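Structure, as structure tokens:
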Amino acid sequence: GLPARVRIHEVGARDGLQNEQTVIPTEVKAEFIRRLADAGLDTVEATSFVHPKWVPQLADAERLFPLVSDLDARLPVLVPNERGLDRALALGADRIAVFGSATESFAKANLNRTVDEALAMFAPVVARAKDAGAHVRGYLSMCFGDPWEGPVPVPQVVRVCRALLDQGCDELSLGDTIGVATPGHVTALLTALNEAGVGTDVIGVHFHDTYGQALANTLAALQHGVTTIDASAGGLGGCPYAKSATGNLATEDLVWMLQGLGIETGVDLDRLTATSVWMAEQLGRPSPSRTVRALSPS
Ligand code: HMG
Ligand code: MG
């Protein structure tokens, strides 16, 4: 059966905004995060402590984080290396995420490392974060398909998942970075992970909606027992280092489906939609989310 409750891991302020062309004022980002928390999202990924030249859009992390750190919500941040961890811990961050790749091409493009060099880079990050009492999420990109390499073999994904957990990550997020996954593939990966001793209690799923499959994939994951779903308010998002990565699964579309299934999320859909409409005004273009469009007067 389906779970009674799902935790939504909101990534709009990070995965969404990292990809915007226009410079978004730090205060607008802070307001966005505040509104997302007010809409009932209890996990709102805030920003990334990455190299500012690699992701200029999030170069204001030092200014942004203190503007939101008083919020009740969990505020995870991305850190690729010890330099990033130092920056995050100095501001009191208590939930961090490393982000690996299942494929060599994307490890190179996103982290300037091989898959195993990236894992070696994460090892001291995870260890030190755990010592500091922080919760650690391990993202894994390109779990289904890769724009340079095509379909990604399931065992290749399972190997890196195991490595991240063995390093001490508390949870994983399986990324369909370019949105090519379909439900059968999702079930196959989750089944293989299960057989490798990776239970659904440590698995989150992170779908991009490039081919319109994100909700179908989410339903497959729910049926498999997954209860942590990543989504991005208004469907913002993409990844600057993955060609053809477009919007994430929109949080509103997800909440609409979960409400219909009778699954608790704690999210107020009207408030959330109003937030995405407000953000769309800031960005100067309408939200791509079907649910935002359907619920907002035009
Ligand atoms: P590199 O060029 O190999 O860096 O980049 P390096 O380790 O050689 O260091 C070079 C210089 O950068 C040094 O300075 C470091 O101090 C500095 P120097 O000594 O030369 O003066 N530096 C930093 N400065 C500030 N903060 C830091 C930092 N690190 C090094 N953290 C690096 C390697 C990992 C840094 C770079 O590749 C990088 O920042 N990549 C981040 C890319 C990124 O953020 N991508 C988007 C997030 S992933 C994603 O969106 C996918 C996801 O949504 C899931 C999915 O959909 O699949 C999560
Ligand atoms: Mg993503």
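Residues in the structure tokens are numbered from 1 in each chain, the chains being A, B, ... in the order shown, and ligands are numbered from 1 in the order shown.
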
key: Nearby polymer residues, ligand 1, at most 7 Å, only C-alpha atoms and all ligand atoms, as a ChimeraX atom specification   = /A:15,48-52,54-55,79-81,83-84,99,110-113,139-142,175-177,206,208,238-241

ask   = Counting only C-alpha atoms, what is within 9 Å of Ala127 of chain A, bar same-chain residues fewer than 6 positions away, as a PyMOL selection string?
value = chain A and resi 167-169

request  = Would you mind listing what lies within 8 Å of segment 57-74 of chain A as a list in words, with only C-alpha atoms counted and same-chain residues fewer than 5 positions away left out?
outcome  = Arg14, Leu17, Gln18, Asn19, Glu20, Val23, Ile24, Thr26, Glu27, Lys29, Ala30, Ile33, Arg34, Ala37, Leu41, Asp42, Thr43, Val44, Glu45, Ala46, Thr47, Ser48, Phe49, Val50, His51, Pro52, Arg87, Leu91 and Arg95 of chain A

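The space between atom CA of Gly150 of chain A and atom CA of Lys108 of chain A spans 15.8 Å.
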
ask   = Pick the closest to ligand 2 from A:Pro288, A:Pro3, A:Pro25, A:Gly100: which is it, counting only C-alpha atoms and all ligand atoms?
value = A:Gly100

task = Considering only C-alpha atoms, return as JSON, numbers by chain whatever protein or nucleic-acid residues lie within 12 Å of segment 190-204 of chain A, sequence-local ones (same chain, fewer than 4 positions apart) excluded.
result = {"A": [3, 6, 7, 8, 9, 10, 136, 137, 138, 139, 140, 143, 144, 153, 154, 155, 156, 157, 158, 159, 160, 161, 162, 163, 164, 165, 166, 168, 169, 170, 171, 172, 173, 174, 175, 176, 183, 184, 185, 186, 217, 218, 220, 221, 222, 223, 224, 225, 226, 227, 228, 229, 230, 231]}

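Distance annotation: of A:Ala13, A:Ile178, A:Leu2, A:Val125, the residue with the minimal separation from ligand 2 is A:Ile178; atom set is only C-alpha atoms and all ligand atoms.
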
Compile a residue-level contact table for segment 241-279 of chain A against segment 292-297 of chain A at a cut-off of 9 Å, reporting for every qualifying residue the shortest atom pair and its distance in Å to one decimal, with only C-alpha atoms counted, rows ordered by chain and ascending number, as a tab-separated table.
```
residue	atom	partner	partner_atom	distance
A:Ala250	CA	A:Val292	CA	8.7
A:Glu252	CA	A:Val292	CA	6.4
A:Asp253	CA	A:Val292	CA	7.7
A:Asp270	CA	A:Leu295	CA	8.0
A:Leu272	CA	A:Val292	CA	8.9
A:Thr273	CA	A:Val292	CA	5.6
A:Ala274	CA	A:Ser296	CA	7.7
A:Ser276	CA	A:Val292	CA	7.3
A:Val277	CA	A:Val292	CA	7.4
```

Filtering to N, CA and C atoms, could you give me those residues as an mmCIF file, in the first residue's frame?
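As a result, part.cif now contains:
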```
data_model
loop_
_atom_site.group_PDB
_atom_site.id
_atom_site.type_symbol
_atom_site.label_atom_id
_atom_site.label_comp_id
_atom_site.auth_asym_id
_atom_site.auth_seq_id
_atom_site.Cartn_x
_atom_site.Cartn_y
_atom_site.Cartn_z
ATOM 1 N N ALA A 250 7.374 19.802 -9.895
ATOM 2 C CA ALA A 250 6.827 20.957 -9.176
ATOM 3 C C ALA A 250 6.189 20.497 -7.872
ATOM 4 N N GLU A 252 3.853 21.830 -6.204
ATOM 5 C CA GLU A 252 2.392 21.923 -6.263
ATOM 6 C C GLU A 252 1.779 20.705 -6.960
ATOM 7 N N ASP A 253 2.410 20.263 -8.046
ATOM 8 C CA ASP A 253 1.897 19.080 -8.758
ATOM 9 C C ASP A 253 1.963 17.870 -7.829
ATOM 10 N N ASP A 270 -2.650 26.289 -1.121
ATOM 11 C CA ASP A 270 -2.959 27.660 -1.540
ATOM 12 C C ASP A 270 -1.798 28.604 -1.242
ATOM 13 N N LEU A 272 1.297 27.763 -0.862
ATOM 14 C CA LEU A 272 2.433 27.384 -1.699
ATOM 15 C C LEU A 272 2.262 27.951 -3.112
ATOM 16 N N THR A 273 1.066 27.810 -3.658
ATOM 17 C CA THR A 273 0.806 28.317 -5.002
ATOM 18 C C THR A 273 1.007 29.835 -5.041
ATOM 19 N N ALA A 274 0.514 30.509 -4.020
ATOM 20 C CA ALA A 274 0.693 31.970 -3.968
ATOM 21 C C ALA A 274 2.183 32.327 -3.955
ATOM 22 N N SER A 276 4.624 30.568 -5.330
ATOM 23 C CA SER A 276 5.195 30.348 -6.664
ATOM 24 C C SER A 276 4.739 31.416 -7.651
ATOM 25 N N VAL A 277 3.510 31.897 -7.485
ATOM 26 C CA VAL A 277 3.039 32.984 -8.349
ATOM 27 C C VAL A 277 3.867 34.242 -8.064
#
```

task = Apply DSSP to the structure's backbone, then extract all residues of segment 32-276 of chain A labelled alpha helix (DSSP H) and return them as a PyMOL selection string.
result = chain A and resi 32-38+61-68+82-90+104-111+115-131+154-167+183-195+214-223+251-260+269-276

Write out, as a compact mmCIF listing (two decimals), in the first residue's frame, the residues just selected, with C-alpha atoms.
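Listed below is the output, result38.txt:
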```txt
# COMPACT_ATOMS: atom_id res chain seq x y z
CA PHE A 32 11.10 32.81 -0.95
CA ILE A 33 12.52 30.43 1.67
CA ARG A 34 10.48 32.07 4.42
CA ARG A 35 7.27 31.73 2.41
CA LEU A 36 8.02 28.09 1.60
CA ALA A 37 8.44 27.33 5.29
CA ASP A 38 5.26 29.27 6.06
CA ALA A 61 25.28 31.91 0.47
CA GLU A 62 27.12 33.68 3.33
CA ARG A 63 24.67 36.57 3.23
CA LEU A 64 21.57 34.45 2.63
CA PHE A 65 21.90 31.73 5.25
CA PRO A 66 21.83 34.02 8.32
CA LEU A 67 18.70 35.69 6.94
CA VAL A 68 16.76 32.42 7.19
CA GLU A 82 35.87 20.60 3.04
CA ARG A 83 36.09 24.25 2.02
CA GLY A 84 32.32 24.22 1.55
CA LEU A 85 31.80 22.38 4.83
CA ASP A 86 33.87 24.96 6.72
CA ARG A 87 31.77 27.75 5.26
CA ALA A 88 28.51 25.99 6.14
CA LEU A 89 29.49 25.00 9.68
CA ALA A 90 30.77 28.51 10.39
CA GLU A 104 32.07 9.73 -15.05
CA SER A 105 30.93 12.39 -17.55
CA PHE A 106 28.83 14.25 -15.02
CA ALA A 107 31.36 13.84 -12.20
CA LYS A 108 33.83 15.62 -14.45
CA ALA A 109 31.39 18.31 -15.58
CA ASN A 110 29.94 19.06 -12.17
CA LEU A 111 32.83 18.44 -9.78
CA VAL A 115 33.43 9.38 -9.67
CA ASP A 116 35.92 7.89 -7.21
CA GLU A 117 37.88 11.14 -6.80
CA ALA A 118 34.59 12.81 -5.91
CA LEU A 119 33.87 10.09 -3.34
CA ALA A 120 37.36 10.63 -1.90
CA MET A 121 36.62 14.36 -1.71
CA PHE A 122 33.38 13.64 0.20
CA ALA A 123 34.85 11.18 2.73
CA PRO A 124 36.33 13.78 5.10
CA VAL A 125 33.31 16.06 4.54
CA VAL A 126 30.88 13.38 5.67
CA ALA A 127 33.09 12.30 8.57
CA ARG A 128 33.62 15.83 9.86
CA ALA A 129 29.96 16.76 9.39
CA LYS A 130 28.89 13.72 11.40
CA ASP A 131 31.43 14.60 14.13
CA VAL A 154 21.61 -0.12 -12.40
CA PRO A 155 24.66 -1.84 -10.77
CA GLN A 156 26.75 1.27 -11.46
CA VAL A 157 24.24 3.33 -9.48
CA VAL A 158 24.00 0.80 -6.66
CA ARG A 159 27.78 0.84 -6.21
CA VAL A 160 27.94 4.60 -5.62
CA CYS A 161 24.84 4.51 -3.37
CA ARG A 162 26.55 1.90 -1.20
CA ALA A 163 29.75 3.96 -1.11
CA LEU A 164 27.89 7.08 0.06
CA LEU A 165 26.09 5.16 2.79
CA ASP A 166 29.32 3.43 3.85
CA GLN A 167 30.91 6.86 4.26
CA PRO A 183 8.40 4.09 -13.72
CA GLY A 184 9.70 0.62 -14.63
CA HIS A 185 13.26 1.88 -14.39
CA VAL A 186 12.53 3.47 -11.00
CA THR A 187 11.14 0.18 -9.70
CA ALA A 188 14.14 -1.73 -11.07
CA LEU A 189 16.61 0.58 -9.31
CA LEU A 190 14.73 0.52 -6.01
CA THR A 191 14.48 -3.27 -6.17
CA ALA A 192 18.22 -3.59 -6.83
CA LEU A 193 18.99 -1.21 -3.96
CA ASN A 194 16.77 -3.24 -1.70
CA GLU A 195 18.65 -6.39 -2.67
CA ALA A 214 8.11 12.93 -12.71
CA LEU A 215 4.72 12.19 -11.13
CA ALA A 216 4.50 8.73 -12.64
CA ASN A 217 7.99 8.02 -11.32
CA THR A 218 7.00 9.38 -7.92
CA LEU A 219 3.99 7.08 -7.77
CA ALA A 220 6.23 4.10 -8.57
CA ALA A 221 8.57 5.14 -5.74
CA LEU A 222 5.67 5.58 -3.31
CA GLN A 223 4.38 2.12 -4.20
CA THR A 251 5.95 20.82 -5.49
CA GLU A 252 2.39 21.92 -6.26
CA ASP A 253 1.90 19.08 -8.76
CA LEU A 254 3.24 16.67 -6.14
CA VAL A 255 1.01 18.02 -3.37
CA TRP A 256 -2.03 17.85 -5.64
CA MET A 257 -1.39 14.18 -6.34
CA LEU A 258 -0.62 13.33 -2.71
CA GLN A 259 -3.76 15.13 -1.49
CA GLY A 260 -5.81 13.12 -3.95
CA LEU A 269 -1.39 24.20 -1.26
CA ASP A 270 -2.96 27.66 -1.54
CA ARG A 271 -0.10 29.32 0.30
CA LEU A 272 2.43 27.38 -1.70
CA THR A 273 0.81 28.32 -5.00
CA ALA A 274 0.69 31.97 -3.97
CA THR A 275 4.41 31.74 -3.23
CA SER A 276 5.19 30.35 -6.66
```

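Comparing the minimum interatomic distances between ligand 2 and each of A:Asn248, A:Thr210, A:Thr114, A:Gln21, counting only C-alpha atoms and all ligand atoms, we find that A:Asn248 sits nearest.
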
request  = Find, counting only C-alpha atoms, the residue in A:Glu264, A:Asp94, A:Asp209, A:Asp146 that gets nearest to Gly40 of chain A.
outcome  = A:Glu264
